[in-house]
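Participant: Quick one: the structure is below, and I'll ask about it shortly.
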Amino acid sequence: MTDTTPATAKIRPPRSQWWDVWDQFKTHKGALVGLSIFVLILLAITIGPFLWDMAPTYVDLRARNKGFSAAHPLGTDQLGRDVLARMMAGGKVSISVGLTAMMLSIMLGTTIGVLAGYFRRLEGPLMRLTDLFLALPLLPLLLLMVTLFREPLSKSFGPERGIFLLIVFAIGATSWMQTARIVRGEVLGLKEREFVLAARSIGTPARRMILRHVLPNVLSPIMVSATLGIASAIITESALSFLGLGFPPDFPTWGRLLYDAVDQMQLYPWRVILPGVAISLTVLSVNYIGDGLRDALDPRIRGR
Amino acid sequence: MLTLTLRRLLIAIPTLIIISLVIFLLLEAAPGDPLGDVPLTVPPEVKEKMRLALGLDSPWYVRYGLWMKQFFWVEPVHLWDALFGTHFGDGMQRVISFQSRQPVMQIIAERLPQTLTVVGLAYLVGVLIALPIGIISAYRQYSWFDNLGTFISMIGFSVPTFFTGVVLIIVFAVKLQWFPSVYDTTLQVTDWASFKQQMRQMVMPVTVLALYNAAQISRFMRASMLDNLGQDYVRTARAKGLTEKVVVLIHVLRNSLIPVVTVIALGVPTIFGGAIITEQVFKVNGLGQQLILSIHANDMPMVMTLTFIFAILIVLFNLVADLLYGILDPRIRYD
């Protein structure tokens, strides 16, 4: 910031507002715990496979259904595959689906929200579209989309990438509506502000107006809904996998691991509980981060 | 109020038509073949005849129009016949499932009670738990009760229902053996013993769904109570010397319930969606399970009808929520 400090005040080094946000974020205990758990999970799925380099698809039929041991810290499944390695591989897919789907939904939501808020002519049709999407039965439609387009997409992109693209697209395309509504509301408020009027009076074109003045000012609600979007995308993906309509069996995700283990949950409850706890812990920590971010990004709460 | 109702109704109709078209076109664009399960030994000309019999040869708009007519005209007529014993609908072609060759509506009518009892009871229990928790949390903000409530509701909507369901099965059905793990769908409630058994098998699915709903509704209740507790009329009520019980439970509660009631109405259709997963976990033979079965079997009329019924529920309860808000809050009516 470049504002001049009065001579009487203590001179502080220039400080970006993100440090203020961080200071406020640090006071939210739940958010800090959530952030550290989320970072731990991220580290476990990115660095973990280098430390524990057993292949998640390696089948060892002599070591089926083993309990916890030094050779297999989390045991093995019904085909003798190492559960720890599968958990790490599954987490990688689950979290990357969550992140990519969130990015798609935020991009869609922000674009539609900004366009609807900024251009009055587009507002009616775009908001009708949003209302229409909100009235769609989303879970049945997601199930339909995934089942119906699974074959052709896995033929043209390969089984893994095809399903990944399909699931990310399906989740992204059905979860942008809340973001669009929030962003539109913020943009409508911003348009009445003096600095927008000033920028318009010197002839700023609409494109630069949006990129330079509008978007940076709607960043905080977008960041909050992005965080919460990761959580809901992870839940949706694992729900699809749980219904048997997600990724193929040899391509583990947390939801798929849970689905595969349900048949034998009476004998080996741990194989159900581990992926379930992983999903729940990730979603819980992301939700807490979102909660803390919402408080930290709200200037009315900040500094209290 | 009447104009508000009429306006909302007029918006609802085109919305429903567009949604039905979206679902139909999605099914149409899909490459799945309803005859895909027919054995390869069946000669092609027989297959062609089957295709004709299923009405798959006509263009999509004809089939869409036919479906619309069947759904909005033939099925209500048959419902009328069934209710009053008349015969107006004889000879009219109903929506037939590809899979079981039965009328779709008949299957839905068979499965609706299971979904309604489990889902409806769960929602009721969820609301009944959520309201007191929300009220106490707001009245004693930042107390240990409020903090615990916040934490539990955070867990409530972070832990997916399929995981809570499975954990409940492991703990209460496998380890403790208190409740049956699979919902016995053939059970007829005839006497006290079978009623008790029905209750026992409903405990777990209802708990799972109720917990999930209570988590969300209690948050809304708390926020709405907090909004109202700081208002001037509360100070006035206290200044008049009303007891704390009257102030909170009559003045504040009634005003705070306005937004919560609409949230409860809006939540009804989403729990039918959530029930898809819960029914799958506990093997309840409800509508959600039928949807999954039909999707796997490429049974297009069934999928189309069920999905559209879900859409009708959403639009209907949006309408109900809007109207309730108008009835409860006179400030909304006049814009």
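Naming scheme: A, B, ... for chains in displayed order of the structure tokens; residues 1 onward per chain; ligands 1 onward as shown.
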For chain A against chain B, with a cut-off of 7 Å and counting only C-alpha atoms, what is the closest atom pair and its distance in Å to one decimal for every residue that makes the cut, ordered by chain and number, as JSON lines?
Facilitator:
{"residue": "A:Leu132", "atom": "CA", "partner": "B:Thr15", "partner_atom": "CA", "distance": 6.5}
{"residue": "A:Ala135", "atom": "CA", "partner": "B:Ile314", "partner_atom": "CA", "distance": 5.9}
{"residue": "A:Leu136", "atom": "CA", "partner": "B:Ala311", "partner_atom": "CA", "distance": 5.8}
{"residue": "A:Pro137", "atom": "CA", "partner": "B:Ala311", "partner_atom": "CA", "distance": 5.3}
{"residue": "A:Leu139", "atom": "CA", "partner": "B:Gly273", "partner_atom": "CA", "distance": 6.2}
{"residue": "A:Pro140", "atom": "CA", "partner": "B:Thr307", "partner_atom": "CA", "distance": 6.3}
{"residue": "A:Leu144", "atom": "CA", "partner": "B:Ile295", "partner_atom": "CA", "distance": 6.8}
{"residue": "A:Leu148", "atom": "CA", "partner": "B:Ala30", "partner_atom": "CA", "distance": 5.3}
{"residue": "A:Phe149", "atom": "CA", "partner": "B:Ala30", "partner_atom": "CA", "distance": 6.3}
{"residue": "A:Ile235", "atom": "CA", "partner": "B:Pro160", "partner_atom": "CA", "distance": 6.5}
{"residue": "A:Gln266", "atom": "CA", "partner": "B:Val174", "partner_atom": "CA", "distance": 6.3}
{"residue": "A:Pro269", "atom": "CA", "partner": "B:Ile170", "partner_atom": "CA", "distance": 6.9}
{"residue": "A:Gly276", "atom": "CA", "partner": "B:Phe163", "partner_atom": "CA", "distance": 5.7}
{"residue": "A:Ser280", "atom": "CA", "partner": "B:Val159", "partner_atom": "CA", "distance": 4.7}
{"residue": "A:Val283", "atom": "CA", "partner": "B:Ser158", "partner_atom": "CA", "distance": 5.5}
{"residue": "A:Leu284", "atom": "CA", "partner": "B:Ser158", "partner_atom": "CA", "distance": 5.1}
Participant: Tell me, which residues of range 128-266 of chain A carry DSSP alpha helix (DSSP H), written as a PyMOL selection string?
Facilitator: chain A and resi 128-134+138-157+159-173+177-190+194-201+206-208+219-242+254-262
Participant: What lies within 8 Å of Arg94 in chain B using only C-alpha atoms, ignoring chain neighbours under 2 positions off, as a list in words?
Facilitator: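 Counting only the stated atoms, we get Gln70, Val74, Glu75, Met92, Ile96 and Pro103 of chain B.
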Participant: Put those residues in a file: C-alpha atoms, as a PDB file, in the first residue's frame.
Facilitator:
ATOM      1  CA  GLN B  70     -48.629 -39.845 -21.552  1.00  0.00           C
ATOM      2  CA  VAL B  74     -52.838 -40.513 -19.710  1.00  0.00           C
ATOM      3  CA  GLU B  75     -51.298 -41.090 -16.293  1.00  0.00           C
ATOM      4  CA  MET B  92     -54.768 -45.537 -23.647  1.00  0.00           C
ATOM      5  CA  ILE B  96     -44.156 -48.592 -19.958  1.00  0.00           C
ATOM      6  CA  PRO B 103     -46.454 -49.329 -16.302  1.00  0.00           C
TER       7      PRO B 103
END
Participant: Write out as a PDB file with N, CA and C atoms, in the first residue's frame which residues come within 12 Å of Asp23 in chain A when counting only C-alpha atoms, dropping same-chain ones fewer than 3 positions away.
Facilitator:
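As a result, around25.pdb now contains:
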ATOM      1  N   ARG A  15       2.866  -2.957   3.908  1.00  0.00           N
ATOM      2  CA  ARG A  15       2.381  -4.283   4.237  1.00  0.00           C
ATOM      3  C   ARG A  15       1.164  -4.551   3.372  1.00  0.00           C
ATOM      4  N   SER A  16       1.169  -5.672   2.685  1.00  0.00           N
ATOM      5  CA  SER A  16       0.020  -5.922   1.820  1.00  0.00           C
ATOM      6  C   SER A  16      -1.144  -6.379   2.668  1.00  0.00           C
ATOM      7  N   GLN A  17      -2.365  -6.236   2.113  1.00  0.00           N
ATOM      8  CA  GLN A  17      -3.529  -6.579   2.934  1.00  0.00           C
ATOM      9  C   GLN A  17      -3.601  -8.069   3.195  1.00  0.00           C
ATOM     10  N   TRP A  18      -2.867  -8.880   2.386  1.00  0.00           N
ATOM     11  CA  TRP A  18      -2.922 -10.322   2.609  1.00  0.00           C
ATOM     12  C   TRP A  18      -2.317 -10.698   3.949  1.00  0.00           C
ATOM     13  N   TRP A  19      -1.372  -9.858   4.456  1.00  0.00           N
ATOM     14  CA  TRP A  19      -0.843 -10.133   5.798  1.00  0.00           C
ATOM     15  C   TRP A  19      -1.917  -9.912   6.847  1.00  0.00           C
ATOM     16  N   ASP A  20      -2.755  -8.878   6.642  1.00  0.00           N
ATOM     17  CA  ASP A  20      -3.863  -8.663   7.583  1.00  0.00           C
ATOM     18  C   ASP A  20      -4.802  -9.855   7.573  1.00  0.00           C
ATOM     19  N   LYS A  26      -5.231 -16.533  11.387  1.00  0.00           N
ATOM     20  CA  LYS A  26      -4.526 -17.253  12.444  1.00  0.00           C
ATOM     21  C   LYS A  26      -5.308 -17.294  13.747  1.00  0.00           C
ATOM     22  N   THR A  27      -6.213 -16.315  13.956  1.00  0.00           N
ATOM     23  CA  THR A  27      -6.954 -16.305  15.219  1.00  0.00           C
ATOM     24  C   THR A  27      -8.060 -17.350  15.227  1.00  0.00           C
ATOM     25  N   HIS A  28      -8.428 -17.883  14.046  1.00  0.00           N
ATOM     26  CA  HIS A  28      -9.483 -18.896  13.967  1.00  0.00           C
ATOM     27  C   HIS A  28      -8.847 -20.270  14.179  1.00  0.00           C
ATOM     28  N   LYS A  29      -9.056 -20.833  15.361  1.00  0.00           N
ATOM     29  CA  LYS A  29      -8.351 -22.063  15.709  1.00  0.00           C
ATOM     30  C   LYS A  29      -8.726 -23.216  14.788  1.00  0.00           C
ATOM     31  N   LEU A  32      -7.035 -23.026  11.461  1.00  0.00           N
ATOM     32  CA  LEU A  32      -5.600 -23.371  11.492  1.00  0.00           C
ATOM     33  C   LEU A  32      -5.407 -24.878  11.542  1.00  0.00           C
ATOM     34  N   GLY A 292     -12.799 -20.138   8.177  1.00  0.00           N
ATOM     35  CA  GLY A 292     -11.810 -19.162   8.616  1.00  0.00           C
ATOM     36  C   GLY A 292     -11.566 -18.100   7.564  1.00  0.00           C
ATOM     37  N   LEU A 293     -11.509 -18.518   6.280  1.00  0.00           N
ATOM     38  CA  LEU A 293     -11.299 -17.566   5.193  1.00  0.00           C
ATOM     39  C   LEU A 293     -12.420 -16.546   5.139  1.00  0.00           C
ATOM     40  N   ASP A 295     -14.265 -15.439   7.529  1.00  0.00           N
ATOM     41  CA  ASP A 295     -14.072 -14.439   8.581  1.00  0.00           C
ATOM     42  C   ASP A 295     -12.904 -13.529   8.252  1.00  0.00           C
ATOM     43  N   ALA A 296     -11.786 -14.126   7.763  1.00  0.00           N
ATOM     44  CA  ALA A 296     -10.577 -13.343   7.560  1.00  0.00           C
ATOM     45  C   ALA A 296     -10.733 -12.361   6.413  1.00  0.00           C
ATOM     46  N   LEU A 297     -11.536 -12.712   5.407  1.00  0.00           N
ATOM     47  CA  LEU A 297     -11.654 -11.842   4.245  1.00  0.00           C
ATOM     48  C   LEU A 297     -12.717 -10.774   4.429  1.00  0.00           C
ATOM     49  N   ARG A 302     -12.455  -8.299  10.493  1.00  0.00           N
ATOM     50  CA  ARG A 302     -11.001  -8.258  10.627  1.00  0.00           C
ATOM     51  C   ARG A 302     -10.567  -7.176  11.627  1.00  0.00           C
ATOM     52  N   GLY A 303      -9.574  -7.478  12.438  1.00  0.00           N
ATOM     53  CA  GLY A 303      -9.018  -6.479  13.343  1.00  0.00           C
ATOM     54  C   GLY A 303      -9.800  -6.330  14.619  1.00  0.00           C
ATOM     55  N   ARG A 304     -10.788  -7.218  14.831  1.00  0.00           N
ATOM     56  CA  ARG A 304     -11.513  -7.139  16.080  1.00  0.00           C
ATOM     57  C   ARG A 304     -10.901  -8.052  17.109  1.00  0.00           C
TER      58      ARG A 304
END
Participant: Work out how far CA of Pro49 in chain A is from CA of Ala89 in chain A, in Å to one decimal.
Facilitator: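 For CA of Ala89 in chain A relative to CA of Pro49 in chain A, the distance reads 7.8 Å.
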Participant: Using only C-alpha atoms, which residue out of A:Gly124, A:Met87, A:Phe157, A:Pro216 lies closest to Leu274 in chain A?
Facilitator: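 Checking each of A:Gly124, A:Met87, A:Phe157, A:Pro216 against Leu274 in chain A, counting only C-alpha atoms, the winner is A:Met87.
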Participant: To one decimal place in Å, what is the distance between CA of Phe242 in chain A and CA of Gly255 in chain A?
Facilitator: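 Between these atoms lies a distance of 5.4 Å.
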Participant: Excluding same-chain residues fewer than 4 positions from Asp260 in chain A, what lies within 10 Å of it counting only C-alpha atoms, as JSON, numbers by chain?
Facilitator: {"A": [77, 78, 241, 242, 244, 249, 252, 254, 255, 256, 264, 265, 271, 272]}
Participant: Please write the residues from the selection above to a file, keeping N, CA and C atoms, as a short mmCIF file (atom, residue, chain, number, x, y, z; two decimals), in the first residue's frame.
Facilitator:
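Contents of result.cif, as written:
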data_model
loop_
_atom_site.label_atom_id
_atom_site.label_comp_id
_atom_site.auth_asym_id
_atom_site.auth_seq_id
_atom_site.Cartn_x
_atom_site.Cartn_y
_atom_site.Cartn_z
N ASP A 77 -5.76 -55.81 0.59
CA ASP A 77 -7.16 -56.04 0.27
C ASP A 77 -7.38 -57.46 -0.24
N GLN A 78 -8.56 -57.71 -0.82
CA GLN A 78 -8.92 -59.09 -1.18
C GLN A 78 -8.06 -59.65 -2.29
N SER A 241 -18.62 -42.65 -7.05
CA SER A 241 -17.85 -43.89 -6.97
C SER A 241 -18.57 -44.89 -6.09
N PHE A 242 -19.16 -44.38 -4.99
CA PHE A 242 -19.83 -45.27 -4.05
C PHE A 242 -21.02 -45.97 -4.70
N GLY A 244 -21.03 -46.92 -7.58
CA GLY A 244 -20.49 -47.79 -8.62
C GLY A 244 -20.45 -47.12 -9.97
N PRO A 249 -12.52 -49.98 -11.57
CA PRO A 249 -12.02 -50.60 -10.33
C PRO A 249 -10.50 -50.58 -10.18
N PRO A 252 -7.92 -46.54 -8.36
CA PRO A 252 -8.57 -46.28 -7.07
C PRO A 252 -8.79 -44.80 -6.79
N TRP A 254 -10.81 -42.62 -3.27
CA TRP A 254 -11.27 -42.96 -1.92
C TRP A 254 -12.68 -43.53 -1.94
N GLY A 255 -13.55 -42.93 -2.76
CA GLY A 255 -14.92 -43.43 -2.83
C GLY A 255 -14.96 -44.86 -3.35
N ARG A 256 -14.13 -45.13 -4.37
CA ARG A 256 -14.09 -46.46 -4.97
C ARG A 256 -13.57 -47.49 -3.97
N GLN A 264 -17.34 -56.62 2.15
CA GLN A 264 -16.70 -57.43 3.17
C GLN A 264 -16.53 -56.67 4.48
N MET A 265 -17.45 -55.71 4.71
CA MET A 265 -17.22 -54.87 5.88
C MET A 265 -17.38 -55.64 7.18
N ARG A 271 -10.96 -51.64 6.24
CA ARG A 271 -10.83 -51.22 4.85
C ARG A 271 -11.94 -50.26 4.44
N VAL A 272 -13.08 -50.28 5.18
CA VAL A 272 -14.13 -49.30 4.92
C VAL A 272 -13.82 -48.01 5.65
#
Participant: So, counting only C-alpha atoms, which residue among B:Tyr139, B:Leu4, B:Asp191, B:Met105 is closest to Glu244 in chain B?
Facilitator: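 Looking at the shortest contact to Glu244 in chain B, the residue is B:Tyr139.
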Participant: I'd like the interatomic distance between CA of Ile167 in chain A and CA of Leu287 in chain B, to a tenth of an Å.
Facilitator: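 About the pair CA of Ile167 in chain A and CA of Leu287 in chain B: they are 23.9 Å apart.
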Participant: Looking at B:Arg140, B:His78, B:Arg200, B:Arg222, which one is nearest to Leu253 in chain B, with distances taken over only C-alpha atoms?
Facilitator: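 Closest to Leu253 in chain B of all the choices is B:Arg222.
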Participant: Would you please work out which residue, of A:Gln24, A:Ser232, A:Thr111, A:Thr174, is nearest to Leu142 in chain A when using only C-alpha atoms?
Facilitator: A:Thr174
